[in-house]
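The next block holds one structure in the form of structure tokens; read it before the comments.
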Amino acid sequence: MAKHLIIVCCGTAITSTTVAGRVREMLREKGFDVNVQAIRSGDAVKKVDQLKPDCMIFTGAPPKGLPCPVFPGVAFLSGIGKQKVLEEIIQVLRSEHWAGKERD
């Protein structure tokens with residue numbers, strides 16, 4: 001399967017590192033080759049334009065107007081709704097890329 005990029009964001013990149021690890025592990029268990037990066041929310045707009053990730057996960061409120069799919073990260077901290085969010089992320093990874101990037 002193609003390499004995917006997911007960016008996880010929070011205010012200080014501390015909880016995003018925890019979420020990134022959990023998401024990476026869960027997706028790899030499902031057979032996805034995924035790179036999950038943790039960044040500060042303040043860098044989200046710049047990073048989405050530069051890296052064109054498949055989607056972004058926020059532990060707080062995301063900035064408005066991001067062009068890619070955005071998911072709540074709290075589910076991966078609390079466990080509540082985690083499977084539902086994971087399945088939604090998998091749907092995105094299986095669909096055509098929002099930025100028109102070709103999948104390998």
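Labels used: A, B, ... for chains in the order of the structure tokens, numbers from 1 for residues in each chain, and numbers from 1 for ligands as shown.
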query = Out of chain A, which residues get helix (DSSP H, G or I) from DSSP, as a ChimeraX atom specification?
reply = /A:15-29,41-51,74-78,82-94
ask   = Leaving out Leu27 (chain A) and any residue of its chain fewer than 4 positions from it, which residues lie within 12 Å of it when counting only C-alpha atoms, given as a VMD selection string?
value = chain A and resid 1 3 to 6 20 to 23 31 to 36 83 85 to 91 93
Output of the above residues as an mmCIF file, in the first residue's frame, restricted to N, CA and C atoms:
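Saved the output as result-v5.cif:
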```cif
data_model
loop_
_atom_site.group_PDB
_atom_site.id
_atom_site.type_symbol
_atom_site.label_atom_id
_atom_site.label_comp_id
_atom_site.auth_asym_id
_atom_site.auth_seq_id
_atom_site.Cartn_x
_atom_site.Cartn_y
_atom_site.Cartn_z
ATOM 1 N N MET A 1 0.842 -1.176 0.000
ATOM 2 C CA MET A 1 0.000 0.000 0.000
ATOM 3 C C MET A 1 0.891 1.246 0.000
ATOM 4 N N LYS A 3 2.606 4.900 0.713
ATOM 5 C CA LYS A 3 3.022 5.626 1.914
ATOM 6 C C LYS A 3 2.078 6.795 2.132
ATOM 7 N N HIS A 4 1.611 6.969 3.335
ATOM 8 C CA HIS A 4 0.686 8.045 3.679
ATOM 9 C C HIS A 4 1.330 8.952 4.722
ATOM 10 N N LEU A 5 0.877 10.206 4.745
ATOM 11 C CA LEU A 5 1.353 11.171 5.729
ATOM 12 C C LEU A 5 0.165 11.736 6.496
ATOM 13 N N ILE A 6 0.244 11.639 7.809
ATOM 14 C CA ILE A 6 -0.748 12.229 8.701
ATOM 15 C C ILE A 6 -0.004 13.158 9.641
ATOM 16 N N ALA A 20 0.128 10.693 17.924
ATOM 17 C CA ALA A 20 0.824 10.235 16.713
ATOM 18 C C ALA A 20 1.263 8.781 16.854
ATOM 19 N N GLY A 21 1.826 8.439 17.993
ATOM 20 C CA GLY A 21 2.266 7.065 18.218
ATOM 21 C C GLY A 21 1.115 6.083 18.198
ATOM 22 N N ARG A 22 0.018 6.458 18.811
ATOM 23 C CA ARG A 22 -1.149 5.566 18.843
ATOM 24 C C ARG A 22 -1.754 5.386 17.453
ATOM 25 N N VAL A 23 -1.874 6.489 16.716
ATOM 26 C CA VAL A 23 -2.442 6.419 15.368
ATOM 27 C C VAL A 23 -1.535 5.590 14.462
ATOM 28 N N GLY A 31 -2.451 -2.533 8.246
ATOM 29 C CA GLY A 31 -1.740 -2.736 6.994
ATOM 30 C C GLY A 31 -1.345 -1.486 6.235
ATOM 31 N N PHE A 32 -1.446 -0.324 6.857
ATOM 32 C CA PHE A 32 -1.099 0.918 6.184
ATOM 33 C C PHE A 32 0.356 1.301 6.452
ATOM 34 N N ASP A 33 1.046 1.719 5.389
ATOM 35 C CA ASP A 33 2.395 2.258 5.495
ATOM 36 C C ASP A 33 2.224 3.754 5.721
ATOM 37 N N VAL A 34 2.410 4.200 6.958
ATOM 38 C CA VAL A 34 2.045 5.571 7.311
ATOM 39 C C VAL A 34 3.157 6.269 8.079
ATOM 40 N N ASN A 35 3.377 7.518 7.713
ATOM 41 C CA ASN A 35 4.281 8.400 8.431
ATOM 42 C C ASN A 35 3.392 9.358 9.207
ATOM 43 N N VAL A 36 3.501 9.385 10.521
ATOM 44 C CA VAL A 36 2.679 10.261 11.350
ATOM 45 C C VAL A 36 3.610 11.222 12.069
ATOM 46 N N GLN A 83 -12.446 4.114 17.625
ATOM 47 C CA GLN A 83 -12.643 3.242 16.458
ATOM 48 C C GLN A 83 -13.353 3.963 15.333
ATOM 49 N N VAL A 85 -13.347 7.243 14.658
ATOM 50 C CA VAL A 85 -12.416 8.185 14.041
ATOM 51 C C VAL A 85 -11.386 7.426 13.209
ATOM 52 N N LEU A 86 -10.888 6.323 13.715
ATOM 53 C CA LEU A 86 -9.920 5.522 12.973
ATOM 54 C C LEU A 86 -10.510 5.054 11.646
ATOM 55 N N GLU A 87 -11.745 4.587 11.647
ATOM 56 C CA GLU A 87 -12.391 4.137 10.411
ATOM 57 C C GLU A 87 -12.570 5.293 9.430
ATOM 58 N N GLU A 88 -12.872 6.487 9.929
ATOM 59 C CA GLU A 88 -12.993 7.657 9.056
ATOM 60 C C GLU A 88 -11.637 8.012 8.434
ATOM 61 N N ILE A 89 -10.573 7.900 9.204
ATOM 62 C CA ILE A 89 -9.224 8.153 8.684
ATOM 63 C C ILE A 89 -8.886 7.129 7.601
ATOM 64 N N ILE A 90 -9.219 5.874 7.835
ATOM 65 C CA ILE A 90 -8.956 4.816 6.853
ATOM 66 C C ILE A 90 -9.708 5.099 5.548
ATOM 67 N N GLN A 91 -10.932 5.592 5.641
ATOM 68 C CA GLN A 91 -11.682 5.957 4.428
ATOM 69 C C GLN A 91 -10.935 7.021 3.637
ATOM 70 N N LEU A 93 -7.660 7.578 3.696
ATOM 71 C CA LEU A 93 -6.447 6.985 3.152
ATOM 72 C C LEU A 93 -6.733 6.127 1.915
#
```
request  = Excluding region 14-17 of chain A and residues on its chain fewer than 2 positions from it, collect all residues at most 9 Å away from it, counting only C-alpha atoms, and give them as a PyMOL selection string.
outcome  = chain A and resi 7-12+19-22+37-40+57-59+73+77
Residues as selected, N, CA, C and O atoms, written as a PDB file, in the first residue's frame, can you do that?
```pdb
ATOM      1  N   ILE A   7      -0.542  14.353   9.837  1.00  0.00           N
ATOM      2  CA  ILE A   7       0.052  15.305  10.772  1.00  0.00           C
ATOM      3  C   ILE A   7      -0.873  15.435  11.972  1.00  0.00           C
ATOM      4  O   ILE A   7      -2.077  15.644  11.814  1.00  0.00           O
ATOM      5  N   VAL A   8      -0.307  15.292  13.169  1.00  0.00           N
ATOM      6  CA  VAL A   8      -1.051  15.424  14.416  1.00  0.00           C
ATOM      7  C   VAL A   8      -0.602  16.710  15.088  1.00  0.00           C
ATOM      8  O   VAL A   8       0.598  16.969  15.232  1.00  0.00           O
ATOM      9  N   CYS A   9      -1.574  17.541  15.501  1.00  0.00           N
ATOM     10  CA  CYS A   9      -1.267  18.869  16.039  1.00  0.00           C
ATOM     11  C   CYS A   9      -1.861  19.088  17.423  1.00  0.00           C
ATOM     12  O   CYS A   9      -2.982  18.672  17.698  1.00  0.00           O
ATOM     13  N   CYS A  10      -1.093  19.776  18.274  1.00  0.00           N
ATOM     14  CA  CYS A  10      -1.601  20.279  19.543  1.00  0.00           C
ATOM     15  C   CYS A  10      -0.852  21.564  19.865  1.00  0.00           C
ATOM     16  O   CYS A  10       0.049  21.956  19.131  1.00  0.00           O
ATOM     17  N   GLY A  11      -1.182  22.184  20.955  1.00  0.00           N
ATOM     18  CA  GLY A  11      -0.581  23.462  21.310  1.00  0.00           C
ATOM     19  C   GLY A  11       0.918  23.412  21.516  1.00  0.00           C
ATOM     20  O   GLY A  11       1.636  24.328  21.131  1.00  0.00           O
ATOM     21  N   THR A  12       1.432  22.340  22.097  1.00  0.00           N
ATOM     22  CA  THR A  12       2.862  22.271  22.408  1.00  0.00           C
ATOM     23  C   THR A  12       3.567  21.090  21.770  1.00  0.00           C
ATOM     24  O   THR A  12       4.761  20.918  21.957  1.00  0.00           O
ATOM     25  N   VAL A  19      -0.568  10.985  20.625  1.00  0.00           N
ATOM     26  CA  VAL A  19      -1.591  10.627  19.648  1.00  0.00           C
ATOM     27  C   VAL A  19      -0.942  10.073  18.382  1.00  0.00           C
ATOM     28  O   VAL A  19      -1.398   9.073  17.828  1.00  0.00           O
ATOM     29  N   ALA A  20       0.128  10.693  17.924  1.00  0.00           N
ATOM     30  CA  ALA A  20       0.824  10.235  16.713  1.00  0.00           C
ATOM     31  C   ALA A  20       1.263   8.781  16.854  1.00  0.00           C
ATOM     32  O   ALA A  20       1.077   7.977  15.939  1.00  0.00           O
ATOM     33  N   GLY A  21       1.826   8.439  17.993  1.00  0.00           N
ATOM     34  CA  GLY A  21       2.266   7.065  18.218  1.00  0.00           C
ATOM     35  C   GLY A  21       1.115   6.083  18.198  1.00  0.00           C
ATOM     36  O   GLY A  21       1.221   4.997  17.613  1.00  0.00           O
ATOM     37  N   ARG A  22       0.018   6.458  18.811  1.00  0.00           N
ATOM     38  CA  ARG A  22      -1.149   5.566  18.843  1.00  0.00           C
ATOM     39  C   ARG A  22      -1.754   5.386  17.453  1.00  0.00           C
ATOM     40  O   ARG A  22      -2.102   4.272  17.059  1.00  0.00           O
ATOM     41  N   GLN A  37       3.452  12.519  11.788  1.00  0.00           N
ATOM     42  CA  GLN A  37       4.309  13.551  12.373  1.00  0.00           C
ATOM     43  C   GLN A  37       3.528  14.375  13.385  1.00  0.00           C
ATOM     44  O   GLN A  37       2.366  14.703  13.150  1.00  0.00           O
ATOM     45  N   ALA A  38       4.176  14.725  14.485  1.00  0.00           N
ATOM     46  CA  ALA A  38       3.579  15.580  15.508  1.00  0.00           C
ATOM     47  C   ALA A  38       4.159  16.983  15.383  1.00  0.00           C
ATOM     48  O   ALA A  38       5.375  17.143  15.290  1.00  0.00           O
ATOM     49  N   ILE A  39       3.268  17.978  15.354  1.00  0.00           N
ATOM     50  CA  ILE A  39       3.702  19.380  15.278  1.00  0.00           C
ATOM     51  C   ILE A  39       2.837  20.242  16.190  1.00  0.00           C
ATOM     52  O   ILE A  39       1.803  19.794  16.686  1.00  0.00           O
ATOM     53  N   ARG A  40       3.247  21.493  16.357  1.00  0.00           N
ATOM     54  CA  ARG A  40       2.434  22.464  17.102  1.00  0.00           C
ATOM     55  C   ARG A  40       1.310  22.972  16.206  1.00  0.00           C
ATOM     56  O   ARG A  40       1.495  23.151  15.001  1.00  0.00           O
ATOM     57  N   ILE A  57      -4.840  15.622  12.348  1.00  0.00           N
ATOM     58  CA  ILE A  57      -5.554  15.295  13.581  1.00  0.00           C
ATOM     59  C   ILE A  57      -5.191  16.370  14.596  1.00  0.00           C
ATOM     60  O   ILE A  57      -4.015  16.661  14.791  1.00  0.00           O
ATOM     61  N   PHE A  58      -6.194  16.945  15.236  1.00  0.00           N
ATOM     62  CA  PHE A  58      -5.973  18.009  16.218  1.00  0.00           C
ATOM     63  C   PHE A  58      -6.482  17.588  17.590  1.00  0.00           C
ATOM     64  O   PHE A  58      -7.601  17.092  17.706  1.00  0.00           O
ATOM     65  N   THR A  59      -5.665  17.812  18.620  1.00  0.00           N
ATOM     66  CA  THR A  59      -6.128  17.552  19.983  1.00  0.00           C
ATOM     67  C   THR A  59      -6.892  18.745  20.530  1.00  0.00           C
ATOM     68  O   THR A  59      -7.557  18.635  21.539  1.00  0.00           O
ATOM     69  N   GLY A  73      -8.414  14.563  17.758  1.00  0.00           N
ATOM     70  CA  GLY A  73      -7.411  13.701  18.365  1.00  0.00           C
ATOM     71  C   GLY A  73      -7.737  13.253  19.771  1.00  0.00           C
ATOM     72  O   GLY A  73      -7.134  12.308  20.280  1.00  0.00           O
ATOM     73  N   LEU A  77      -6.761   9.964  22.886  1.00  0.00           N
ATOM     74  CA  LEU A  77      -6.293  10.154  24.267  1.00  0.00           C
ATOM     75  C   LEU A  77      -7.259   9.517  25.256  1.00  0.00           C
ATOM     76  O   LEU A  77      -6.849   8.870  26.209  1.00  0.00           O
TER      77      LEU A  77
END
```
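In this model, the gap between CA of Ser78 (chain A) and CA of Trp98 (chain A) comes to 28.5 Å.
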Can you tell me, as a short mmCIF file (atom, residue, chain, number, x, y, z; two decimals) with C-alpha atoms, in the first residue's frame, which residues in chain A count as strand (DSSP E or B) by DSSP?
```cif
data_model
loop_
_atom_site.label_atom_id
_atom_site.label_comp_id
_atom_site.auth_asym_id
_atom_site.auth_seq_id
_atom_site.Cartn_x
_atom_site.Cartn_y
_atom_site.Cartn_z
CA LYS A 3 3.02 5.63 1.91
CA HIS A 4 0.69 8.04 3.68
CA LEU A 5 1.35 11.17 5.73
CA ILE A 6 -0.75 12.23 8.70
CA ILE A 7 0.05 15.31 10.77
CA VAL A 8 -1.05 15.42 14.42
CA CYS A 9 -1.27 18.87 16.04
CA CYS A 10 -1.60 20.28 19.54
CA ASP A 33 2.39 2.26 5.50
CA VAL A 34 2.04 5.57 7.31
CA ASN A 35 4.28 8.40 8.43
CA VAL A 36 2.68 10.26 11.35
CA GLN A 37 4.31 13.55 12.37
CA ALA A 38 3.58 15.58 15.51
CA ILE A 39 3.70 19.38 15.28
CA ARG A 40 2.43 22.46 17.10
CA CYS A 55 -5.20 14.37 6.76
CA MET A 56 -4.57 16.19 10.02
CA ILE A 57 -5.55 15.30 13.58
CA PHE A 58 -5.97 18.01 16.22
CA VAL A 70 -9.34 17.09 9.78
CA PHE A 71 -10.09 14.70 12.65
CA PRO A 72 -10.38 15.07 16.45
#
```
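Closest approach to Asp49 (chain A) from the set A:Gly81, A:Pro62, A:Cys68, A:Glu25 is made by A:Cys68, with distances taken over only C-alpha atoms.
The space separating CA of Ser41 (chain A) from CA of Thr18 (chain A) comes to 14.7 Å.
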Contacts of His97 (chain A) within 12 Å, only C-alpha atoms, excl. fewer than 2 positions in-chain, as a PyMOL selection string = chain A and resi 2+4-5+52-55+67-69+91-95+99-104
